[in-house]
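Dropping input-v1.pdb in here (PDB, C-alpha atoms, pLDDT in the B column):
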MODEL        1
ATOM      1  CA  MET F   1     -37.836  -1.844  31.919  1.00 80.00           C
ATOM      2  CA  THR F   2     -36.727  -5.278  33.052  1.00 82.00           C
ATOM      3  CA  GLN F   3     -39.759  -7.191  31.718  1.00 89.00           C
ATOM      4  CA  PRO F   4     -38.162  -7.782  28.273  1.00 91.00           C
ATOM      5  CA  PHE F   5     -35.212  -9.580  29.909  1.00 86.00           C
ATOM      6  CA  GLN F   6     -37.424 -12.623  30.372  1.00 91.00           C
ATOM      7  CA  SER F   7     -36.818 -13.225  26.666  1.00 92.00           C
ATOM      8  CA  GLU F   8     -33.422 -14.790  25.929  1.00 93.00           C
ATOM      9  CA  GLU F   9     -33.546 -13.233  22.457  1.00 94.00           C
ATOM     10  CA  PHE F  10     -33.924  -9.736  23.954  1.00 94.00           C
ATOM     11  CA  PHE F  11     -31.109 -10.340  26.453  1.00 91.00           C
ATOM     12  CA  GLN F  12     -28.794 -11.376  23.632  1.00 94.00           C
ATOM     13  CA  GLY F  13     -29.515  -8.076  21.854  1.00 95.00           C
ATOM     14  CA  LEU F  14     -27.057  -6.183  24.037  1.00 94.00           C
ATOM     15  CA  PHE F  15     -24.533  -3.819  22.515  1.00 95.00           C
ATOM     16  CA  LEU F  16     -21.840  -1.441  23.738  1.00 94.00           C
ATOM     17  CA  ASP F  17     -22.634   2.256  23.856  1.00 94.00           C
ATOM     18  CA  HIS F  18     -19.463   4.197  24.664  1.00 91.00           C
ATOM     19  CA  GLY F  19     -18.162   1.186  26.606  1.00 88.00           C
ATOM     20  CA  THR F  20     -21.390   0.575  28.534  1.00 92.00           C
ATOM     21  CA  VAL F  21     -23.399  -2.656  28.152  1.00 92.00           C
ATOM     22  CA  THR F  22     -26.790  -1.475  26.827  1.00 95.00           C
ATOM     23  CA  TRP F  23     -29.990  -3.045  25.507  1.00 94.00           C
ATOM     24  CA  PRO F  24     -32.353  -1.747  22.802  1.00 94.00           C
ATOM     25  CA  ASN F  25     -34.812  -0.392  25.402  1.00 94.00           C
ATOM     26  CA  GLY F  26     -32.121   1.885  26.876  1.00 93.00           C
ATOM     27  CA  TYR F  27     -31.429  -0.245  29.955  1.00 93.00           C
ATOM     28  CA  ASP F  28     -27.724  -0.238  30.735  1.00 93.00           C
ATOM     29  CA  ILE F  29     -25.254  -1.418  33.360  1.00 91.00           C
ATOM     30  CA  CYS F  30     -22.426   0.807  34.515  1.00 87.00           C
ATOM     31  CA  SER F  31     -19.123  -0.885  33.674  1.00 89.00           C
ATOM     32  CA  ASP F  32     -17.824  -0.307  37.226  1.00 89.00           C
ATOM     33  CA  VAL F  33     -20.894  -1.999  38.707  1.00 89.00           C
ATOM     34  CA  LEU F  34     -20.674  -4.880  36.220  1.00 89.00           C
ATOM     35  CA  ARG F  35     -17.022  -5.416  37.149  1.00 90.00           C
ATOM     36  CA  TYR F  36     -17.901  -5.332  40.866  1.00 91.00           C
ATOM     37  CA  TYR F  37     -20.626  -7.951  40.325  1.00 91.00           C
ATOM     38  CA  CYS F  38     -18.084 -10.149  38.528  1.00 90.00           C
ATOM     39  CA  GLU F  39     -15.463  -9.711  41.240  1.00 91.00           C
ATOM     40  CA  ILE F  40     -17.815 -10.662  44.084  1.00 90.00           C
ATOM     41  CA  GLY F  41     -19.482 -13.367  42.006  1.00 91.00           C
ATOM     42  CA  ARG F  42     -23.064 -12.169  42.417  1.00 91.00           C
ATOM     43  CA  VAL F  43     -25.485  -9.310  41.977  1.00 89.00           C
ATOM     44  CA  CYS F  44     -25.791  -7.362  45.211  1.00 88.00           C
ATOM     45  CA  SER F  45     -28.228  -4.929  46.797  1.00 90.00           C
ATOM     46  CA  ARG F  46     -28.360  -1.168  46.181  1.00 88.00           C
ATOM     47  CA  GLU F  47     -27.194  -0.674  49.782  1.00 90.00           C
ATOM     48  CA  GLU F  48     -24.094  -2.795  49.198  1.00 89.00           C
ATOM     49  CA  LEU F  49     -23.321  -0.921  45.980  1.00 88.00           C
ATOM     50  CA  ASP F  50     -23.751   2.421  47.737  1.00 88.00           C
ATOM     51  CA  ALA F  51     -21.423   1.347  50.538  1.00 88.00           C
ATOM     52  CA  THR F  52     -18.787   0.288  48.006  1.00 87.00           C
ATOM     53  CA  PHE F  53     -18.994   3.188  45.575  1.00 87.00           C
ATOM     54  CA  ASN F  54     -20.023   5.996  47.962  1.00 86.00           C
ATOM     55  CA  PRO F  55     -18.201   5.205  51.190  1.00 76.00           C
ATOM     56  CA  GLN F  56     -18.910   7.582  54.057  1.00 73.00           C
ATOM     57  CA  PRO F  57     -15.761   9.057  55.583  1.00 66.00           C
ATOM     58  CA  THR F  58     -15.072   7.997  59.128  1.00 62.00           C
ATOM     59  CA  PRO F  59     -15.186  10.776  61.757  1.00 62.00           C
ATOM     60  CA  ALA F  60     -11.400  10.519  62.209  1.00 59.00           C
ATOM     61  CA  ALA F  61     -10.792  10.865  58.464  1.00 53.00           C
ATOM     62  CA  ALA F  62     -13.197  13.793  58.257  1.00 51.00           C
ATOM     63  CA  SER F  63     -11.464  15.624  61.114  1.00 52.00           C
ATOM     64  CA  VAL F  64      -8.076  15.172  59.451  1.00 51.00           C
ATOM     65  CA  LEU F  65      -9.426  16.465  56.149  1.00 49.00           C
ATOM     66  CA  ASN F  66     -11.022  19.482  57.829  1.00 52.00           C
ATOM     67  CA  ASP F  67      -8.041  20.302  60.065  1.00 49.00           C
ATOM     68  CA  LYS F  68      -6.454  23.278  58.315  1.00 51.00           C
ATOM     69  CA  SER F  69      -3.616  23.566  60.849  1.00 52.00           C
ATOM     70  CA  LYS F  70      -1.754  20.621  59.291  1.00 49.00           C
TER
ENDMDL
END
Any chance you could put this one into structure tokens?
Amino acid sequence: MTQPFQSEEFFQGLFLDHGTVTWPNGYDICSDVLRYYCEIGRVCSREELDATFNPQPTPAAASVLNDKSK
């Protein structure tokens, strides 16, 4: 899916589809991820994205959430 991006003309063919940056081949970038890339000033790894958008609760936080006595 990313092969066409080697062409500047293809890259410039982006459009918005319900607020999401999309290209004619269906490739899109989530607006939250695009904003994150802009804020950190670079494209990052899948692992870094996962850590940012799907943080794992710490054991202490999990025990507080599961403690029904409070």
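For the pair atom CA of F:Asp28 and atom CA of F:Phe15, the interatomic distance is 9.5 Å.
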Explicit residues for the PyMOL selection byres ((chain F and resi 11) around 12) (as a ChimeraX atom specification): /F:2-10,12-15,21-25,27-28
Pairwise distance, atom CA of F:Gly26 with atom CA of F:Asn54, equals 24.7 Å
Rounded to one decimal, what separation in Å do you get between atom CA of F:Asp50 and atom CA of F:Asp17? 23.9 Å
Output check: residues returned by the PyMOL selection byres ((chain F and resi 30) around 12), as a PyMOL selection string: chain F and resi 16-22+27-29+31-37+49+53
Produce a file of the selected residues containing C-alpha atoms, as a PDB file, in the coordinates of the input.
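Resulting contents of again-v7.pdb:
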ATOM      1  CA  LEU F  16     -21.840  -1.441  23.738  1.00 94.00           C
ATOM      2  CA  ASP F  17     -22.634   2.256  23.856  1.00 94.00           C
ATOM      3  CA  HIS F  18     -19.463   4.197  24.664  1.00 91.00           C
ATOM      4  CA  GLY F  19     -18.162   1.186  26.606  1.00 88.00           C
ATOM      5  CA  THR F  20     -21.390   0.575  28.534  1.00 92.00           C
ATOM      6  CA  VAL F  21     -23.399  -2.656  28.152  1.00 92.00           C
ATOM      7  CA  THR F  22     -26.790  -1.475  26.827  1.00 95.00           C
ATOM      8  CA  TYR F  27     -31.429  -0.245  29.955  1.00 93.00           C
ATOM      9  CA  ASP F  28     -27.724  -0.238  30.735  1.00 93.00           C
ATOM     10  CA  ILE F  29     -25.254  -1.418  33.360  1.00 91.00           C
ATOM     11  CA  SER F  31     -19.123  -0.885  33.674  1.00 89.00           C
ATOM     12  CA  ASP F  32     -17.824  -0.307  37.226  1.00 89.00           C
ATOM     13  CA  VAL F  33     -20.894  -1.999  38.707  1.00 89.00           C
ATOM     14  CA  LEU F  34     -20.674  -4.880  36.220  1.00 89.00           C
ATOM     15  CA  ARG F  35     -17.022  -5.416  37.149  1.00 90.00           C
ATOM     16  CA  TYR F  36     -17.901  -5.332  40.866  1.00 91.00           C
ATOM     17  CA  TYR F  37     -20.626  -7.951  40.325  1.00 91.00           C
ATOM     18  CA  LEU F  49     -23.321  -0.921  45.980  1.00 88.00           C
ATOM     19  CA  PHE F  53     -18.994   3.188  45.575  1.00 87.00           C
TER      20      PHE F  53
END
